[in-house]
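Visitor: What follows is a single structure, and I will ask about it in a moment.
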Amino acid sequence: MSIARSPAQVLWLQVLGLAAVQGSISLAWLIYNLYLPQLLTQFGFSASLAAGLLVIENALSALLEPLMGGLSDKSQRWFGSRFPFISVGVILSATLFIALPCIVTFVQPTVIWRSLLPITLVAWALAMTIFRSPAMVLLGKYATPPQLPLAVSVVTFVGGMIGAFRPIANQYILSLGAIFAFAVASFVMLATAGILRWVNPPETPNFQHDTTVGKFPYPELGLMFATGLGVAWGTRLMMNSLTQLLKAQFHTNNIDMLLVYIGLAIALATLPAGVLATKIGNCQAMLLGVGTTIISILAIAFTGAILPLIVLLVAGFSTIINGAIPLALGLISPKWAGLGIGTYFGGFALAMSLFGWLFPQVAKMTPVISALFCGLAFLLVGICLIIATVQINAKAQTP
């Protein structure tokens with residue numbers, strides 16, 4: 001005889017622990033992107049190599065994100081935990097991260113050691129893929145399905161707040177010195193992962209129960225992959241259009257603080273976006289966000305009226321980026337949840353890798369052209385959402 005229990009709708013302590021991990025990931029990537037050209041030039045490489053390395057890293061991540069998510073699903077079934085992947089990934093990432101400035105600082109740039117630096121850079125980026133999907137899928141255990149968007153909004157908010165300061169962080173972070181900055185980020189990553197493990201006991205309540213056998217979810221994974229492509233392309237093109245419009249409207253090329261304010265606004269808007277999604281449903285909120293984003297960016301580009309419409313754009317876009325993980329967890333069976341989230345991240349990474357090839361003259365695009373392509377990218381997301389909504393409703397009606 002089992003005793004009935006009423007679990008909390010959101011395990012907030014665990015969600016905050018996961019938000020801290022997401023914050024450490026955002027901090028590490030912020031520092032990495034700022035120091036990458038400097039590390040390369042100090043070791044005798046051209047700073048332009050940084051762009052090529054990022055393309056390679058994203059292309060490899062497109063393969064490894066789904067792989068690591070899928071392997072963490074197997075770990076969950078075999079060992080009842082995803083933490084082996086999270087622990088190994090965090091330790092390896094932190095070790096490689098602190099090794100990067102040490103190689104440049106303490107090693108002579110001989111032919112052999114020079115070749116080691118790009119390899120270590122790519123290895124670190126790939127190590128980061130080991131634990132991101134396995135960590136994010138834990139949200140399925142930390143919140144009931146209706147409350148998932150609210151829980152995710154806290155994680156998205158923390159990562160967004162750190163990422164928002166990227167336009168103005170370079171001067172301060174570069175002044176710290178590479179070894180100190182990389183060491184701080186490494187220790188923060190280890191500490192937050194330790195906190196998450198501490199607040200996540202082996203017997204974490206699981207609010208999702210997979211009772212279906214079913215086939216391998218090819219259609220659902222395809223939808224998540226296409227959603228990742230659309231969100232990535234739409235985001236890059238949206239920011240390109242906004243950047244050009246802001247420079248024109250304020251008659252200056254120095255719009256770093258304006259971009260910081262927009263980033264902070266997007267991060268803050270994810271919290272009410274999460275509340276909205278719990279009220280009307282995640283797919284419905286995302287579809288509303290897609291429509292609002294497309295209309296807003298086109299209206300801004302064609303009219304140049306940024307300030308009156310930026311609030312609508314921020315509100316719409318925040319529901320899209322906040323809804324992706326709940327979409328994956330709601331669309332794909334819990335048995336393949338890690339693979340689903342990893343496939344979304346993989347699609348996002350591939351889109352970033354291909355962006356320069358698809359849009360080689362993006363810096364020279366007019367704001368209107370960027371906005372039109374942005375609208376098409378988010379239209380792809382909207383189509384995926386409509387199909388996903390039909391599939392989710394069909395599953396809900398299946399006895």
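Numbering starts fresh at 1 for the residues of each chain in the structure tokens, the chains themselves are lettered A, B, ... in the order given, and ligands are numbered from 1 as they appear.
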Residues at most 7 Å from segment 261-275 of chain A, counting only C-alpha atoms, excluding those fewer than 3 positions away in the same chain, as a list in words?

Guide: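 Residues near the query, excluding close chain neighbours: Pro149, Leu150, Ser153, Val154, Thr156, Phe157, Gly160, Met161, Ala164, Met257, Leu258, Thr278, Lys279, Val314, Ala315, Ser318, Thr319 and Asn322 of chain A.
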
Visitor: Compile the contact shell of Thr293 of chain A as a compact mmCIF listing (two decimals) with N, CA and C atoms, in the first residue's frame: residues with an atom at most 6 Å away, counting only C-alpha atoms, same-chain residues fewer than 3 positions apart removed.

Guide:
# COMPACT_ATOMS: atom_id res chain seq x y z
N GLY A 289 4.10 34.88 -28.99
CA GLY A 289 5.40 35.55 -29.03
C GLY A 289 5.97 35.62 -30.44
N VAL A 290 5.82 34.54 -31.21
CA VAL A 290 6.30 34.53 -32.59
C VAL A 290 5.59 35.60 -33.41
N SER A 296 6.47 43.12 -34.76
CA SER A 296 7.23 44.22 -34.14
C SER A 296 8.50 44.54 -34.92
N LEU A 313 8.43 44.00 -28.93
CA LEU A 313 9.45 43.08 -29.44
C LEU A 313 10.09 42.28 -28.31
N GLY A 316 7.54 39.70 -26.92
CA GLY A 316 7.34 38.56 -27.81
C GLY A 316 8.54 37.65 -27.85
N PHE A 317 9.73 38.23 -27.98
CA PHE A 317 10.94 37.43 -28.09
C PHE A 317 11.22 36.64 -26.82

Visitor: Report as a ChimeraX atom specification all protein, DNA and RNA residues lying within 10 Å of Met365 of chain A, evaluated on only C-alpha atoms, omitting residues in the same chain fewer than 3 positions from it.

Guide: /A:237,240-241,244,359-362,368-371

Visitor: For all heavy atoms, I'd like the residues from the last selection saved as a PDB file, in the first residue's frame.

Guide:
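Result file result-v4.pdb:
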ATOM      1  N   LEU A 237      19.501  37.792 -36.796  1.00  0.00           N
ATOM      2  CA  LEU A 237      19.002  38.771 -37.759  1.00  0.00           C
ATOM      3  C   LEU A 237      18.235  39.894 -37.074  1.00  0.00           C
ATOM      4  O   LEU A 237      18.312  41.058 -37.484  1.00  0.00           O
ATOM      5  CB  LEU A 237      18.121  38.071 -38.792  1.00  0.00           C
ATOM      6  CG  LEU A 237      18.886  37.139 -39.742  1.00  0.00           C
ATOM      7  CD1 LEU A 237      17.935  36.170 -40.429  1.00  0.00           C
ATOM      8  CD2 LEU A 237      19.663  37.944 -40.779  1.00  0.00           C
ATOM      9  N   ASN A 240      20.837  42.153 -35.608  1.00  0.00           N
ATOM     10  CA  ASN A 240      21.510  42.895 -36.672  1.00  0.00           C
ATOM     11  C   ASN A 240      20.662  44.075 -37.136  1.00  0.00           C
ATOM     12  O   ASN A 240      21.155  45.195 -37.291  1.00  0.00           O
ATOM     13  CB  ASN A 240      21.800  41.971 -37.855  1.00  0.00           C
ATOM     14  CG  ASN A 240      22.561  42.675 -38.963  1.00  0.00           C
ATOM     15  OD1 ASN A 240      23.719  43.030 -38.800  1.00  0.00           O
ATOM     16  ND2 ASN A 240      21.908  42.897 -40.099  1.00  0.00           N
ATOM     17  N   SER A 241      19.365  43.823 -37.326  1.00  0.00           N
ATOM     18  CA  SER A 241      18.465  44.893 -37.747  1.00  0.00           C
ATOM     19  C   SER A 241      18.357  45.975 -36.676  1.00  0.00           C
ATOM     20  O   SER A 241      18.444  47.178 -36.968  1.00  0.00           O
ATOM     21  CB  SER A 241      17.082  44.317 -38.061  1.00  0.00           C
ATOM     22  OG  SER A 241      16.203  45.308 -38.523  1.00  0.00           O
ATOM     23  N   GLN A 244      21.590  48.213 -36.413  1.00  0.00           N
ATOM     24  CA  GLN A 244      21.686  49.227 -37.460  1.00  0.00           C
ATOM     25  C   GLN A 244      20.686  50.361 -37.253  1.00  0.00           C
ATOM     26  O   GLN A 244      21.002  51.539 -37.450  1.00  0.00           O
ATOM     27  CB  GLN A 244      21.467  48.574 -38.822  1.00  0.00           C
ATOM     28  CG  GLN A 244      22.582  47.618 -39.226  1.00  0.00           C
ATOM     29  CD  GLN A 244      22.345  47.021 -40.595  1.00  0.00           C
ATOM     30  OE1 GLN A 244      21.251  47.075 -41.128  1.00  0.00           O
ATOM     31  NE2 GLN A 244      23.383  46.438 -41.171  1.00  0.00           N
ATOM     32  N   PHE A 359      24.555  34.082 -44.757  1.00  0.00           N
ATOM     33  CA  PHE A 359      24.411  35.543 -44.781  1.00  0.00           C
ATOM     34  C   PHE A 359      25.807  36.179 -44.740  1.00  0.00           C
ATOM     35  O   PHE A 359      26.183  36.806 -43.745  1.00  0.00           O
ATOM     36  CB  PHE A 359      23.577  36.016 -43.593  1.00  0.00           C
ATOM     37  CG  PHE A 359      22.225  35.368 -43.504  1.00  0.00           C
ATOM     38  CD1 PHE A 359      22.008  34.300 -42.634  1.00  0.00           C
ATOM     39  CD2 PHE A 359      21.172  35.820 -44.286  1.00  0.00           C
ATOM     40  CE1 PHE A 359      20.765  33.698 -42.545  1.00  0.00           C
ATOM     41  CE2 PHE A 359      19.921  35.220 -44.204  1.00  0.00           C
ATOM     42  CZ  PHE A 359      19.716  34.164 -43.342  1.00  0.00           C
ATOM     43  N   PRO A 360      26.584  36.025 -45.831  1.00  0.00           N
ATOM     44  CA  PRO A 360      27.976  36.516 -45.813  1.00  0.00           C
ATOM     45  C   PRO A 360      28.085  38.028 -45.731  1.00  0.00           C
ATOM     46  O   PRO A 360      29.093  38.554 -45.277  1.00  0.00           O
ATOM     47  CB  PRO A 360      28.548  35.984 -47.143  1.00  0.00           C
ATOM     48  CG  PRO A 360      27.355  35.797 -48.025  1.00  0.00           C
ATOM     49  CD  PRO A 360      26.238  35.385 -47.107  1.00  0.00           C
ATOM     50  N   GLN A 361      27.054  38.738 -46.162  1.00  0.00           N
ATOM     51  CA  GLN A 361      27.083  40.195 -46.155  1.00  0.00           C
ATOM     52  C   GLN A 361      26.107  40.761 -45.122  1.00  0.00           C
ATOM     53  O   GLN A 361      25.503  41.810 -45.346  1.00  0.00           O
ATOM     54  CB  GLN A 361      26.725  40.726 -47.557  1.00  0.00           C
ATOM     55  CG  GLN A 361      27.639  40.244 -48.659  1.00  0.00           C
ATOM     56  CD  GLN A 361      29.069  40.736 -48.481  1.00  0.00           C
ATOM     57  OE1 GLN A 361      29.294  41.858 -48.037  1.00  0.00           O
ATOM     58  NE2 GLN A 361      30.038  39.899 -48.832  1.00  0.00           N
ATOM     59  N   VAL A 362      25.949  40.063 -44.002  1.00  0.00           N
ATOM     60  CA  VAL A 362      24.936  40.478 -43.034  1.00  0.00           C
ATOM     61  C   VAL A 362      25.185  41.890 -42.509  1.00  0.00           C
ATOM     62  O   VAL A 362      24.239  42.658 -42.271  1.00  0.00           O
ATOM     63  CB  VAL A 362      24.868  39.468 -41.864  1.00  0.00           C
ATOM     64  CG1 VAL A 362      26.167  39.456 -41.073  1.00  0.00           C
ATOM     65  CG2 VAL A 362      23.688  39.762 -40.963  1.00  0.00           C
ATOM     66  N   VAL A 368      15.755  46.658 -43.174  1.00  0.00           N
ATOM     67  CA  VAL A 368      14.521  46.064 -43.697  1.00  0.00           C
ATOM     68  C   VAL A 368      14.767  44.640 -44.182  1.00  0.00           C
ATOM     69  O   VAL A 368      13.983  43.722 -43.890  1.00  0.00           O
ATOM     70  CB  VAL A 368      13.949  46.937 -44.837  1.00  0.00           C
ATOM     71  CG1 VAL A 368      12.792  46.206 -45.542  1.00  0.00           C
ATOM     72  CG2 VAL A 368      13.471  48.276 -44.293  1.00  0.00           C
ATOM     73  N   ILE A 369      15.877  44.425 -44.908  1.00  0.00           N
ATOM     74  CA  ILE A 369      16.187  43.079 -45.395  1.00  0.00           C
ATOM     75  C   ILE A 369      16.449  42.134 -44.216  1.00  0.00           C
ATOM     76  O   ILE A 369      15.971  40.996 -44.186  1.00  0.00           O
ATOM     77  CB  ILE A 369      17.408  43.111 -46.341  1.00  0.00           C
ATOM     78  CG1 ILE A 369      17.091  43.943 -47.585  1.00  0.00           C
ATOM     79  CG2 ILE A 369      17.806  41.702 -46.732  1.00  0.00           C
ATOM     80  CD1 ILE A 369      15.945  43.402 -48.411  1.00  0.00           C
ATOM     81  N   SER A 370      17.216  42.597 -43.233  1.00  0.00           N
ATOM     82  CA  SER A 370      17.460  41.776 -42.043  1.00  0.00           C
ATOM     83  C   SER A 370      16.154  41.419 -41.347  1.00  0.00           C
ATOM     84  O   SER A 370      15.956  40.281 -40.911  1.00  0.00           O
ATOM     85  CB  SER A 370      18.380  42.518 -41.067  1.00  0.00           C
ATOM     86  OG  SER A 370      19.691  42.593 -41.539  1.00  0.00           O
ATOM     87  N   ALA A 371      15.251  42.398 -41.241  1.00  0.00           N
ATOM     88  CA  ALA A 371      13.970  42.162 -40.579  1.00  0.00           C
ATOM     89  C   ALA A 371      13.119  41.157 -41.360  1.00  0.00           C
ATOM     90  O   ALA A 371      12.436  40.318 -40.767  1.00  0.00           O
ATOM     91  CB  ALA A 371      13.217  43.478 -40.409  1.00  0.00           C
TER      92      ALA A 371
END

Visitor: Measuring between only C-alpha atoms, which one of A:Ile341, A:Leu354, A:Ala226, A:Leu242 shows the shortest distance to Pro66 of chain A?

Guide: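 Looking at the shortest contact to Pro66 of chain A, the residue is A:Ile341.
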
Visitor: Quick check for you: according to DSSP on this backbone, which residues of segment 8-118 of chain A are classed as alpha helix (DSSP H)? Reply as an MDAnalysis selection string.

Guide: chainID A and resid 12:42 49:79 83:106 111:118

Visitor: Pull C-alpha atoms from the residues just selected and write them as a compact mmCIF listing (two decimals), in the first residue's frame.

Guide:
# COMPACT_ATOMS: atom_id res chain seq x y z
CA TRP A 12 12.49 26.10 -6.19
CA LEU A 13 15.72 25.24 -4.38
CA GLN A 14 16.71 22.86 -7.16
CA VAL A 15 15.61 25.33 -9.83
CA LEU A 16 17.80 28.02 -8.26
CA GLY A 17 20.71 25.58 -8.22
CA LEU A 18 20.22 24.90 -11.91
CA ALA A 19 19.93 28.64 -12.57
CA ALA A 20 23.31 29.07 -10.89
CA VAL A 21 24.80 26.45 -13.22
CA GLN A 22 23.31 28.27 -16.21
CA GLY A 23 24.80 31.49 -14.91
CA SER A 24 28.24 29.88 -14.69
CA ILE A 25 27.90 28.64 -18.28
CA SER A 26 26.99 32.14 -19.47
CA LEU A 27 29.90 33.64 -17.52
CA ALA A 28 32.38 31.14 -18.99
CA TRP A 29 31.25 31.83 -22.56
CA LEU A 30 31.35 35.57 -21.93
CA ILE A 31 34.97 35.38 -20.76
CA TYR A 32 35.91 32.95 -23.52
CA ASN A 33 34.56 35.14 -26.32
CA LEU A 34 36.24 38.24 -24.89
CA TYR A 35 39.68 36.65 -24.47
CA LEU A 36 39.72 34.36 -27.52
CA PRO A 37 41.31 36.87 -29.95
CA GLN A 38 43.84 37.90 -27.30
CA LEU A 39 44.85 34.32 -26.53
CA LEU A 40 45.32 33.58 -30.21
CA THR A 41 47.42 36.67 -30.96
CA GLN A 42 49.62 36.13 -27.90
CA LEU A 49 41.15 32.69 -36.51
CA ALA A 50 38.67 33.22 -33.68
CA ALA A 51 35.73 33.39 -36.07
CA GLY A 52 36.80 30.18 -37.77
CA LEU A 53 37.19 28.36 -34.45
CA LEU A 54 33.69 29.42 -33.37
CA VAL A 55 32.29 28.04 -36.64
CA ILE A 56 34.06 24.71 -36.06
CA GLU A 57 32.97 24.58 -32.42
CA ASN A 58 29.34 25.22 -33.33
CA ALA A 59 29.42 22.63 -36.10
CA LEU A 60 30.81 19.98 -33.76
CA SER A 61 28.36 21.02 -31.02
CA ALA A 62 25.50 20.37 -33.45
CA LEU A 63 26.51 16.70 -33.34
CA LEU A 64 27.56 16.42 -29.71
CA GLU A 65 24.61 18.21 -28.05
CA PRO A 66 22.06 15.56 -29.15
CA LEU A 67 24.58 12.78 -28.51
CA MET A 68 25.24 13.84 -24.93
CA GLY A 69 21.56 14.42 -24.27
CA GLY A 70 20.75 10.96 -25.60
CA LEU A 71 23.52 9.29 -23.61
CA SER A 72 22.28 11.02 -20.47
CA ASP A 73 18.85 9.46 -21.15
CA LYS A 74 20.52 6.05 -21.13
CA SER A 75 22.36 6.97 -17.93
CA GLN A 76 19.03 7.89 -16.35
CA ARG A 77 17.54 4.52 -17.30
CA TRP A 78 20.60 2.48 -16.34
CA PHE A 79 21.79 4.27 -13.19
CA PHE A 83 24.81 13.38 -12.78
CA PRO A 84 27.66 11.22 -14.10
CA PHE A 85 27.49 13.29 -17.29
CA ILE A 86 27.05 16.54 -15.45
CA SER A 87 29.93 15.88 -13.06
CA VAL A 88 32.37 14.66 -15.72
CA GLY A 89 31.42 17.50 -18.07
CA VAL A 90 31.83 20.21 -15.44
CA ILE A 91 35.17 18.89 -14.15
CA LEU A 92 36.56 18.49 -17.67
CA SER A 93 35.29 21.91 -18.75
CA ALA A 94 36.69 23.67 -15.68
CA THR A 95 40.07 21.96 -16.09
CA LEU A 96 40.40 22.80 -19.77
CA PHE A 97 39.16 26.34 -19.17
CA ILE A 98 41.85 27.20 -16.64
CA ALA A 99 44.42 25.45 -18.85
CA LEU A 100 43.80 27.86 -21.75
CA PRO A 101 45.45 30.99 -20.28
CA CYS A 102 48.11 28.84 -18.61
CA ILE A 103 49.23 27.48 -21.98
CA VAL A 104 49.53 30.99 -23.40
CA THR A 105 51.23 32.42 -20.30
CA PHE A 106 53.69 29.73 -19.26
CA VAL A 111 55.38 24.56 -33.36
CA ILE A 112 54.01 21.70 -31.24
CA TRP A 113 52.64 23.90 -28.48
CA ARG A 114 51.12 26.34 -30.98
CA SER A 115 49.07 23.53 -32.48
CA LEU A 116 47.96 22.52 -28.98
CA LEU A 117 46.18 25.82 -28.28
CA PRO A 118 43.48 25.60 -31.00

Visitor: Rounded to one decimal in Å, what is the spacing between atom CA of Gln284 of chain A and atom CA of Thr389 of chain A?

Guide: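 Going from atom CA of Gln284 of chain A over to atom CA of Thr389 of chain A, I get 8.2 Å.
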